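Here is the structure we will look at.
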Amino acid sequence: MSAPLSSPAPGRPAIFLDRDGTLNEDVGYLSELSHLTLYPWAIDAVRLFNRAGYAVVVITNQGGIGRGMIRPEFVPELHAVIAERLARAGARVDGWYHCPHHPAALVEPLKGDCRCRKPEPGMLLDAIADLGLDPTRSWMIGDKWHDVRVGQRVGARGILVRTGWGRLEEETRPAGQEVFAICDTLADAAAVVLNADRSVG
Ligand SMILES: [Mg+2]
Ligand SMILES: [Zn+2]
């Protein structure tokens, strides 16, 4: 839903990151700045991905907008605040994408099925086109199986983190659901990614 912040570089690998439960604590519908708590390792993990040459792209379902629980303007405001905190520590997100739709939305244009609500891959496809990404060299990291799955749908590898809903999700793994790794935190996931890609060369 938002414009990319950096110029496209064809074929660049990316880290697609879920937001709530992955970068910051999942508080249900995050609708106030004072409810934002970034995990203590979040900024370092993003900076590791930056330095390793990945585009970092946040991919977040914000159906609370459609349900009338989150002001539409709040999401870009919040992302600007997170971006500023990252920037102070030399870290950067290259693109922010959120889906405002919800199957039970109150606001008619936001109601029903859309192409972007995870596990639909619309946000990733937009980011791939906007930023010139190579999905097959990319990763999707999140605390729900729909995060892992949406990454796999575009050809990326998926990692589940045990923060947020992750521990519960781990206990209710759908039959046949594959995953590259299940990690305690985004910091651990960063180590897995960097090791895996280094060994590939
Ligand atoms: Mg999440
Ligand atoms: Zn959507």
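All residue names refer to the structure tokens as shown: chains lettered A, B, ... in order, residues numbered from 1 in each chain, ligands numbered from 1 in order.
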
Using only C-alpha atoms and all ligand atoms, tabulate the residues of chain A lying at most 7 Å from any atom of ligand 2, each with its closest atom pair and that distance in Å to one decimal, by chain and increasing residue number, as CSV.
```
residue,atom,partner,partner_atom_place_in_ligand_line,distance
A:Cys99,CA,ligand 2,1 (Zn),4.1
A:Pro100,CA,ligand 2,1 (Zn),5.6
A:His101,CA,ligand 2,1 (Zn),4.4
A:Cys114,CA,ligand 2,1 (Zn),4.6
A:Arg115,CA,ligand 2,1 (Zn),5.7
A:Cys116,CA,ligand 2,1 (Zn),3.9
A:Arg117,CA,ligand 2,1 (Zn),4.2
```

Just the selected residues (all heavy atoms), exported as a JSON list (two decimals), in the first residue's frame, please.
```
[["chain", "number", "residue", "atom", "x", "y", "z"],
["A", 99, "CYS", "N", -1.97, -4.62, 4.18],
["A", 99, "CYS", "CA", -3.29, -4.91, 3.63],
["A", 99, "CYS", "C", -4.34, -4.39, 4.60],
["A", 99, "CYS", "O", -4.40, -4.83, 5.74],
["A", 99, "CYS", "CB", -3.48, -6.41, 3.41],
["A", 99, "CYS", "SG", -5.21, -6.86, 3.18],
["A", 100, "PRO", "N", -5.21, -3.45, 4.16],
["A", 100, "PRO", "CA", -6.23, -2.88, 5.05],
["A", 100, "PRO", "C", -7.54, -3.67, 5.03],
["A", 100, "PRO", "O", -8.47, -3.33, 5.76],
["A", 100, "PRO", "CB", -6.44, -1.49, 4.44],
["A", 100, "PRO", "CG", -6.27, -1.72, 2.97],
["A", 100, "PRO", "CD", -5.20, -2.80, 2.84],
["A", 101, "HIS", "N", -7.60, -4.70, 4.19],
["A", 101, "HIS", "CA", -8.87, -5.40, 3.97],
["A", 101, "HIS", "C", -9.13, -6.44, 5.06],
["A", 101, "HIS", "O", -8.21, -6.89, 5.73],
["A", 101, "HIS", "CB", -8.84, -6.10, 2.60],
["A", 101, "HIS", "CG", -8.43, -5.20, 1.47],
["A", 101, "HIS", "ND1", -7.20, -5.27, 0.87],
["A", 101, "HIS", "CD2", -9.10, -4.18, 0.88],
["A", 101, "HIS", "CE1", -7.11, -4.34, -0.08],
["A", 101, "HIS", "NE2", -8.26, -3.66, -0.09],
["A", 114, "CYS", "N", -9.42, -10.16, -0.97],
["A", 114, "CYS", "CA", -8.54, -9.27, -1.73],
["A", 114, "CYS", "C", -7.33, -10.08, -2.18],
["A", 114, "CYS", "O", -7.15, -11.22, -1.76],
["A", 114, "CYS", "CB", -8.12, -8.09, -0.86],
["A", 114, "CYS", "SG", -7.11, -8.57, 0.54],
["A", 115, "ARG", "N", -6.48, -9.46, -2.97],
["A", 115, "ARG", "CA", -5.31, -10.17, -3.47],
["A", 115, "ARG", "C", -4.13, -10.04, -2.52],
["A", 115, "ARG", "O", -3.08, -10.64, -2.73],
["A", 115, "ARG", "CB", -4.93, -9.62, -4.85],
["A", 115, "ARG", "CG", -4.59, -8.14, -4.84],
["A", 115, "ARG", "CD", -4.24, -7.62, -6.21],
["A", 115, "ARG", "NE", -2.89, -7.98, -6.65],
["A", 115, "ARG", "CZ", -1.78, -7.40, -6.22],
["A", 115, "ARG", "NH1", -1.82, -6.43, -5.32],
["A", 115, "ARG", "NH2", -0.62, -7.77, -6.68],
["A", 116, "CYS", "N", -4.29, -9.21, -1.45],
["A", 116, "CYS", "CA", -3.12, -8.89, -0.64],
["A", 116, "CYS", "C", -3.14, -9.44, 0.78],
["A", 116, "CYS", "O", -2.08, -9.54, 1.41],
["A", 116, "CYS", "CB", -2.87, -7.39, -0.64],
["A", 116, "CYS", "SG", -4.31, -6.33, -0.38],
["A", 117, "ARG", "N", -4.29, -9.81, 1.31],
["A", 117, "ARG", "CA", -4.31, -10.30, 2.69],
["A", 117, "ARG", "C", -3.61, -11.66, 2.76],
["A", 117, "ARG", "O", -4.04, -12.62, 2.11],
["A", 117, "ARG", "CB", -5.76, -10.40, 3.18],
["A", 117, "ARG", "CG", -5.88, -10.88, 4.63],
["A", 117, "ARG", "CD", -7.33, -10.80, 5.10],
["A", 117, "ARG", "NE", -7.53, -11.51, 6.36],
["A", 117, "ARG", "CZ", -7.26, -10.98, 7.57],
["A", 117, "ARG", "NH1", -6.80, -9.74, 7.64],
["A", 117, "ARG", "NH2", -7.43, -11.67, 8.66]]
```

Surroundings of ligand 1 up to 9 Å, based on only C-alpha atoms and all ligand atoms, as an MDAnalysis selection string: chainID A and resid 18:26 60:61 142:144 147 163:166

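Among A:Ala127, A:Ala83, A:Val154, A:Met140, the residue with the shortest atom-to-atom distance to Leu38 of chain A, counting only C-alpha atoms, is A:Ala83.
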
Surrounding residues of Tyr29 of chain A excluding itself and chain neighbours under 4 positions, 9 Å, only C-alpha atoms, as a ChimeraX atom specification: /A:62-64,69-70

Could you write out that same residue set with N, CA, C and O atoms as a PDB file, in the first residue's frame?
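File produced: part29.pdb:
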```pdb
ATOM      1  N   GLN A  62      -3.266  -5.648   8.071  1.00  0.00           N
ATOM      2  CA  GLN A  62      -3.829  -4.693   9.027  1.00  0.00           C
ATOM      3  C   GLN A  62      -5.333  -4.598   8.810  1.00  0.00           C
ATOM      4  O   GLN A  62      -5.887  -3.531   8.514  1.00  0.00           O
ATOM      5  N   GLY A  63      -5.965  -5.771   8.974  1.00  0.00           N
ATOM      6  CA  GLY A  63      -7.410  -5.837   8.784  1.00  0.00           C
ATOM      7  C   GLY A  63      -8.189  -4.990   9.781  1.00  0.00           C
ATOM      8  O   GLY A  63      -9.375  -4.721   9.568  1.00  0.00           O
ATOM      9  N   GLY A  64      -7.517  -4.569  10.863  1.00  0.00           N
ATOM     10  CA  GLY A  64      -8.142  -3.664  11.824  1.00  0.00           C
ATOM     11  C   GLY A  64      -8.573  -2.359  11.180  1.00  0.00           C
ATOM     12  O   GLY A  64      -9.470  -1.675  11.700  1.00  0.00           O
ATOM     13  N   MET A  69     -11.016  -0.528  13.611  1.00  0.00           N
ATOM     14  CA  MET A  69     -10.294  -0.489  14.888  1.00  0.00           C
ATOM     15  C   MET A  69      -8.972   0.252  14.789  1.00  0.00           C
ATOM     16  O   MET A  69      -8.349   0.546  15.823  1.00  0.00           O
ATOM     17  N   ILE A  70      -8.541   0.512  13.576  1.00  0.00           N
ATOM     18  CA  ILE A  70      -7.277   1.216  13.357  1.00  0.00           C
ATOM     19  C   ILE A  70      -7.542   2.328  12.342  1.00  0.00           C
ATOM     20  O   ILE A  70      -8.135   2.072  11.281  1.00  0.00           O
TER      21      ILE A  70
END
```

Every residue of segment 14-179 of chain A that DSSP places in strand (DSSP E), as a ChimeraX atom specification: /A:14-17,55-61,95-99,139-142,157-161

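Atom pair atom CA of Ala129 of chain A / atom CA of Ala55 of chain A: separated by 12.7 Å.
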
Near-Gly151 of chain A list (12 Å; only C-alpha atoms; drop same-chain fewer than 5 positions) as an NGL selection string: :A and (14-18 or 59 or 118-125 or 128 or 135-142 or 144-146 or 156-160 or 178-180)

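Straight-line separation from atom CA of Val193 of chain A to atom CA of Ala80 of chain A: 26.3 Å.
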